[in-house]
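Participant: My questions will all concern the structure given below.
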Amino acid sequence: MMTKSLTRQDLILGQQKNMENDDKKMHQLLHMKAGTGEQSYANNSKVQKAILSKASPVLVEALQDLCDKNMPEVMTMADLGCSSGPNSLFAATHFTNIICKRCSQSGRSPPELCVYMNDLPGHDFNTTFKSLPAFHEKMRRENGQEFGACYVYGVAGSFHHRLFPSNSLNFVHSSSALHWLSQVPPEMSDESDPLINKGKISISETSPAAVIKAYQKQFQKDFSSFLEARSKEVVPGGRMVLSFLGRNVANPTTESTSLFWDYIGHAFQAPVQQGVIEEEKLDTYNAPYYEASIEEVEREIVKEGSFAIDKLGSFMITWDDINGGMRCDRATTAMNLGKAIRAVHESMFGNHFGEGIMDPFIHKLREVVVADTQEIEHVNVVISLIRKG
């Protein structure tokens, strides 16, 4: 039997089909590495912990204001993109402690508390659920008799769409999640130009203007959908505190946003050169990720119109935050960065490039990072919003 040899165009069209399937399965593919092992997200989320800590004052102030102005019999919170591990109950802890403290100060009994932990269907909810006994014990220890009923639920689904009944939420929190798009921009798999972002897997200085426009358009669509969904779920006067990676300059290809992806792109060049993966497989991979500017974020909030901006600003995530805030040599930093990238991206990289790609990719990534000397700070946008009446 004769077999037909695959042409370059066959490979490109095949990869286009794979990317289209990937988009359909995005909600199943995008999940952090489960469990509590050495390579798990739970043990490799130091940067996310730093973001939570630095955004904490805005979170606390919003919760205190909510308690002082609106204390119903049942206070309901949703943590969107809650992830797993030690960071997952960070916002829930603040939510519980602040409400109990405010009630104690005013001499009233605390309301019943309801906490919804949301993430995508492939998320490791079990690790979070296993930590709930310790969470409840800690709350009883810190709040004593003031700690009453607190119900915690897992909610699987994309926060780009409706998740909860109308007017059911008093407070919404989300950290390190909204820079993820609901899908790769459709323009990135256009048959007329399938290699539009050749050699890159996200926005870069060398990306064509059409690529940048496509990512901006997808962010606008997704963030608008997020706000519209929450506008129906959050009660009038309810609060939202959101923090996610972004930028404080207009240029979407600034080093603070593109360096990370350039490292990854360079690391994938090695298996391409070795023939482990086809070049077209790399050229047709594009990350569902966009770091929006503060102006872009504000514009979408104003355009959607359901929320008033209480605070909108940014803070910096430093190179040392990869190491838990410690100053380390470049090799140690490269190792920790590799673990963090694997914990977040392995599900998507493995699906597109094959499960066997991760070990050689991480090895090369560490070499790329060690060979460089740049220490770029990353911008994190933080927003406090109030649902209009």
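Ordering of the structure tokens sets the chain letters (A, B, ...), residue numbers begin anew at 1 in every chain, and ligands are numbered from 1 in the order given.
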Please return as a ChimeraX atom specification: the residues of stretch 18-198 of chain A that backbone DSSP assigns to strand (DSSP E).
Facilitator: /A:74-80,112-119,150-156,169-175
Participant: Write the residues of the selection above to a file with N, CA and C atoms, as a CSV table (one decimal), in the first residue's frame.
Facilitator:
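Heads up, here's the output in out.csv:
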```
chain,number,residue,atom,x,y,z
A,74,VAL,N,-27.4,37.1,55.2
A,74,VAL,CA,-26.5,36.1,54.5
A,74,VAL,C,-25.6,36.9,53.6
A,75,MET,N,-24.3,36.8,53.9
A,75,MET,CA,-23.3,37.5,53.1
A,75,MET,C,-22.6,36.5,52.2
A,76,THR,N,-22.7,36.7,50.9
A,76,THR,CA,-22.2,35.8,49.9
A,76,THR,C,-21.0,36.3,49.1
A,77,MET,N,-20.0,35.5,49.0
A,77,MET,CA,-18.8,35.9,48.2
A,77,MET,C,-18.5,34.9,47.2
A,78,ALA,N,-17.9,35.3,46.0
A,78,ALA,CA,-17.4,34.4,45.0
A,78,ALA,C,-16.0,34.7,44.7
A,79,ASP,N,-15.1,33.7,44.7
A,79,ASP,CA,-13.7,33.9,44.4
A,79,ASP,C,-13.5,33.2,43.0
A,80,LEU,N,-13.3,34.1,42.0
A,80,LEU,CA,-13.3,33.6,40.6
A,80,LEU,C,-11.9,33.3,40.1
A,112,GLU,N,-24.8,34.7,58.4
A,112,GLU,CA,-24.3,33.4,57.8
A,112,GLU,C,-23.5,33.8,56.6
A,113,LEU,N,-22.4,33.1,56.4
A,113,LEU,CA,-21.5,33.3,55.3
A,113,LEU,C,-21.5,32.2,54.3
A,114,CYS,N,-21.4,32.6,53.0
A,114,CYS,CA,-21.5,31.7,51.9
A,114,CYS,C,-20.3,32.0,51.0
A,115,VAL,N,-19.4,31.1,50.7
A,115,VAL,CA,-18.3,31.3,49.9
A,115,VAL,C,-18.3,30.3,48.7
A,116,TYR,N,-18.3,30.9,47.5
A,116,TYR,CA,-18.2,30.1,46.3
A,116,TYR,C,-16.8,30.1,45.7
A,117,MET,N,-16.2,29.0,45.6
A,117,MET,CA,-14.9,28.8,45.0
A,117,MET,C,-15.0,28.4,43.5
A,118,ASN,N,-14.7,29.3,42.6
A,118,ASN,CA,-14.9,29.0,41.2
A,118,ASN,C,-13.6,28.8,40.4
A,119,ASP,N,-13.6,27.9,39.5
A,119,ASP,CA,-12.5,27.7,38.6
A,119,ASP,C,-13.0,26.9,37.4
A,150,CYS,N,-20.5,29.1,58.1
A,150,CYS,CA,-19.7,29.4,56.9
A,150,CYS,C,-19.8,28.3,55.9
A,151,TYR,N,-20.5,28.4,54.8
A,151,TYR,CA,-20.7,27.4,53.8
A,151,TYR,C,-19.8,27.6,52.6
A,152,VAL,N,-19.0,26.6,52.2
A,152,VAL,CA,-18.1,26.8,51.1
A,152,VAL,C,-18.5,25.8,50.0
A,153,TYR,N,-18.6,26.3,48.8
A,153,TYR,CA,-19.0,25.4,47.7
A,153,TYR,C,-18.0,25.6,46.5
A,154,GLY,N,-17.8,24.6,45.7
A,154,GLY,CA,-17.1,24.7,44.5
A,154,GLY,C,-18.0,24.9,43.3
A,155,VAL,N,-17.6,25.8,42.4
A,155,VAL,CA,-18.4,26.1,41.2
A,155,VAL,C,-17.5,26.0,40.0
A,156,ALA,N,-17.8,25.0,39.2
A,156,ALA,CA,-17.0,24.8,38.0
A,156,ALA,C,-17.6,25.5,36.8
A,169,LEU,N,-24.9,37.8,44.8
A,169,LEU,CA,-23.5,38.0,45.4
A,169,LEU,C,-23.4,39.3,46.0
A,170,ASN,N,-22.8,39.4,47.2
A,170,ASN,CA,-22.4,40.6,47.8
A,170,ASN,C,-21.0,41.1,47.5
A,171,PHE,N,-20.1,40.1,47.3
A,171,PHE,CA,-18.7,40.4,47.0
A,171,PHE,C,-18.1,39.4,46.1
A,172,VAL,N,-17.3,40.0,45.1
A,172,VAL,CA,-16.6,39.1,44.1
A,172,VAL,C,-15.1,39.5,44.2
A,173,HIS,N,-14.3,38.4,44.2
A,173,HIS,CA,-12.9,38.6,44.2
A,173,HIS,C,-12.3,37.7,43.1
A,174,SER,N,-11.2,38.3,42.4
A,174,SER,CA,-10.5,37.5,41.5
A,174,SER,C,-9.1,38.0,41.4
A,175,SER,N,-8.1,37.0,41.5
A,175,SER,CA,-6.7,37.4,41.5
A,175,SER,C,-6.0,36.4,40.5
```
Participant: Using only C-alpha atoms, which residues sit within 9 Å of stretch 272-277 of chain A once same-chain residues fewer than 5 positions away are excluded, as a VMD selection string?
Facilitator: chain A and resid 282 353 to 354 357
Participant: Just checking: using only C-alpha atoms, which residue out of A:Ala287, A:Ala229, A:Met139, A:Val184 ends up closest to A:Phe349?
Facilitator: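 Checking each candidate against A:Phe349, we get A:Ala287 as the closest.
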Participant: What's around A:Thr333 at 9 Å? Count only C-alpha atoms, leave out sequence neighbours fewer than 3 positions away in its own chain, and write the answer as a PyMOL selection string.
Facilitator: chain A and resi 319-320+322-323+327-330+336-338+366+369-370
Participant: Selection from above, all heavy atoms, as a short mmCIF file (atom, residue, chain, number, x, y, z; two decimals), in the first residue's frame, can you write it?
Facilitator:
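Okay, selection.cif is ready:
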```cif
data_model
loop_
_atom_site.label_atom_id
_atom_site.label_comp_id
_atom_site.auth_asym_id
_atom_site.auth_seq_id
_atom_site.Cartn_x
_atom_site.Cartn_y
_atom_site.Cartn_z
N TRP A 319 11.32 40.54 40.19
CA TRP A 319 12.00 39.30 39.82
C TRP A 319 12.14 38.38 41.04
O TRP A 319 12.01 37.17 40.94
CB TRP A 319 13.36 39.66 39.25
CG TRP A 319 14.09 38.55 38.58
CD1 TRP A 319 15.20 37.92 39.05
CD2 TRP A 319 13.80 37.93 37.32
NE1 TRP A 319 15.62 36.95 38.16
CE2 TRP A 319 14.78 36.94 37.09
CE3 TRP A 319 12.81 38.12 36.36
CZ2 TRP A 319 14.79 36.14 35.94
CZ3 TRP A 319 12.81 37.33 35.22
CH2 TRP A 319 13.79 36.36 35.03
N ASP A 320 12.40 38.97 42.22
CA ASP A 320 12.61 38.17 43.42
C ASP A 320 11.33 37.50 43.90
O ASP A 320 11.39 36.53 44.67
CB ASP A 320 13.18 39.04 44.55
CG ASP A 320 14.58 39.52 44.25
OD1 ASP A 320 15.25 38.89 43.41
OD2 ASP A 320 15.01 40.53 44.83
N ILE A 322 9.53 35.60 42.28
CA ILE A 322 9.56 34.23 41.78
C ILE A 322 10.13 33.29 42.84
O ILE A 322 9.77 32.12 42.93
CB ILE A 322 10.41 34.14 40.50
CG1 ILE A 322 9.79 35.01 39.39
CG2 ILE A 322 10.57 32.70 40.02
CD1 ILE A 322 10.69 35.20 38.18
N ASN A 323 11.02 33.85 43.69
CA ASN A 323 11.69 33.07 44.73
C ASN A 323 11.07 33.28 46.10
O ASN A 323 11.71 33.04 47.12
CB ASN A 323 13.17 33.45 44.78
CG ASN A 323 13.86 33.34 43.44
OD1 ASN A 323 13.77 32.32 42.78
ND2 ASN A 323 14.54 34.41 43.02
N ARG A 327 16.28 37.07 47.51
CA ARG A 327 17.26 37.34 46.47
C ARG A 327 18.08 36.08 46.22
O ARG A 327 18.76 35.58 47.12
CB ARG A 327 18.19 38.48 46.89
CG ARG A 327 19.15 38.94 45.80
CD ARG A 327 18.38 39.58 44.67
NE ARG A 327 19.26 40.09 43.63
CZ ARG A 327 18.82 40.61 42.50
NH1 ARG A 327 17.52 40.71 42.28
NH2 ARG A 327 19.66 41.05 41.58
N CYS A 328 18.01 35.54 45.02
CA CYS A 328 18.70 34.29 44.70
C CYS A 328 19.58 34.48 43.47
O CYS A 328 19.43 35.44 42.71
CB CYS A 328 17.70 33.16 44.44
SG CYS A 328 16.64 32.74 45.84
N ASP A 329 20.50 33.54 43.26
CA ASP A 329 21.32 33.61 42.05
C ASP A 329 20.45 33.26 40.85
O ASP A 329 19.34 32.76 40.96
CB ASP A 329 22.52 32.67 42.16
CG ASP A 329 22.13 31.21 42.38
OD1 ASP A 329 21.31 30.68 41.60
OD2 ASP A 329 22.62 30.60 43.35
N ARG A 330 21.00 33.54 39.66
CA ARG A 330 20.23 33.39 38.44
C ARG A 330 19.79 31.95 38.20
O ARG A 330 18.67 31.69 37.72
CB ARG A 330 21.07 33.89 37.25
CG ARG A 330 20.29 34.05 35.96
CD ARG A 330 19.41 35.28 35.99
NE ARG A 330 18.72 35.49 34.72
CZ ARG A 330 18.00 36.55 34.44
NH1 ARG A 330 17.86 37.53 35.32
NH2 ARG A 330 17.40 36.67 33.27
N ASN A 336 13.23 28.03 39.63
CA ASN A 336 11.92 28.34 40.19
C ASN A 336 10.95 28.83 39.13
O ASN A 336 9.75 28.51 39.17
CB ASN A 336 12.06 29.38 41.31
CG ASN A 336 12.73 28.82 42.54
OD1 ASN A 336 12.67 27.61 42.79
ND2 ASN A 336 13.38 29.66 43.32
N LEU A 337 11.46 29.60 38.17
CA LEU A 337 10.61 30.07 37.08
C LEU A 337 10.14 28.89 36.24
O LEU A 337 8.96 28.81 35.85
CB LEU A 337 11.37 31.07 36.20
CG LEU A 337 10.61 31.61 34.99
CD1 LEU A 337 9.36 32.36 35.42
CD2 LEU A 337 11.51 32.51 34.15
N GLY A 338 11.03 27.95 35.97
CA GLY A 338 10.66 26.76 35.21
C GLY A 338 9.57 25.96 35.90
O GLY A 338 8.61 25.48 35.26
N ARG A 366 15.44 26.90 31.28
CA ARG A 366 16.37 27.31 32.34
C ARG A 366 17.68 27.83 31.74
O ARG A 366 18.23 28.83 32.22
CB ARG A 366 16.63 26.13 33.28
CG ARG A 366 15.43 25.75 34.13
CD ARG A 366 15.69 24.48 34.91
NE ARG A 366 14.53 24.10 35.71
CZ ARG A 366 14.41 22.94 36.34
NH1 ARG A 366 15.38 22.03 36.25
NH2 ARG A 366 13.33 22.67 37.05
N VAL A 369 17.06 31.40 30.41
CA VAL A 369 16.93 32.40 31.49
C VAL A 369 18.29 32.67 32.13
O VAL A 369 18.64 33.82 32.40
CB VAL A 369 15.91 31.93 32.54
CG1 VAL A 369 15.87 32.90 33.72
CG2 VAL A 369 14.53 31.81 31.92
N VAL A 370 19.08 31.63 32.37
CA VAL A 370 20.40 31.81 32.98
C VAL A 370 21.31 32.62 32.08
O VAL A 370 22.12 33.44 32.55
CB VAL A 370 21.04 30.44 33.30
CG1 VAL A 370 22.51 30.60 33.69
CG2 VAL A 370 20.28 29.75 34.43
#
```
Participant: Just how far from atom CA of A:Ser83 is atom CA of A:His123, in Å to one decimal?
Facilitator: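 Between atom CA of A:His123 and atom CA of A:Ser83 the gap is 7.1 Å.
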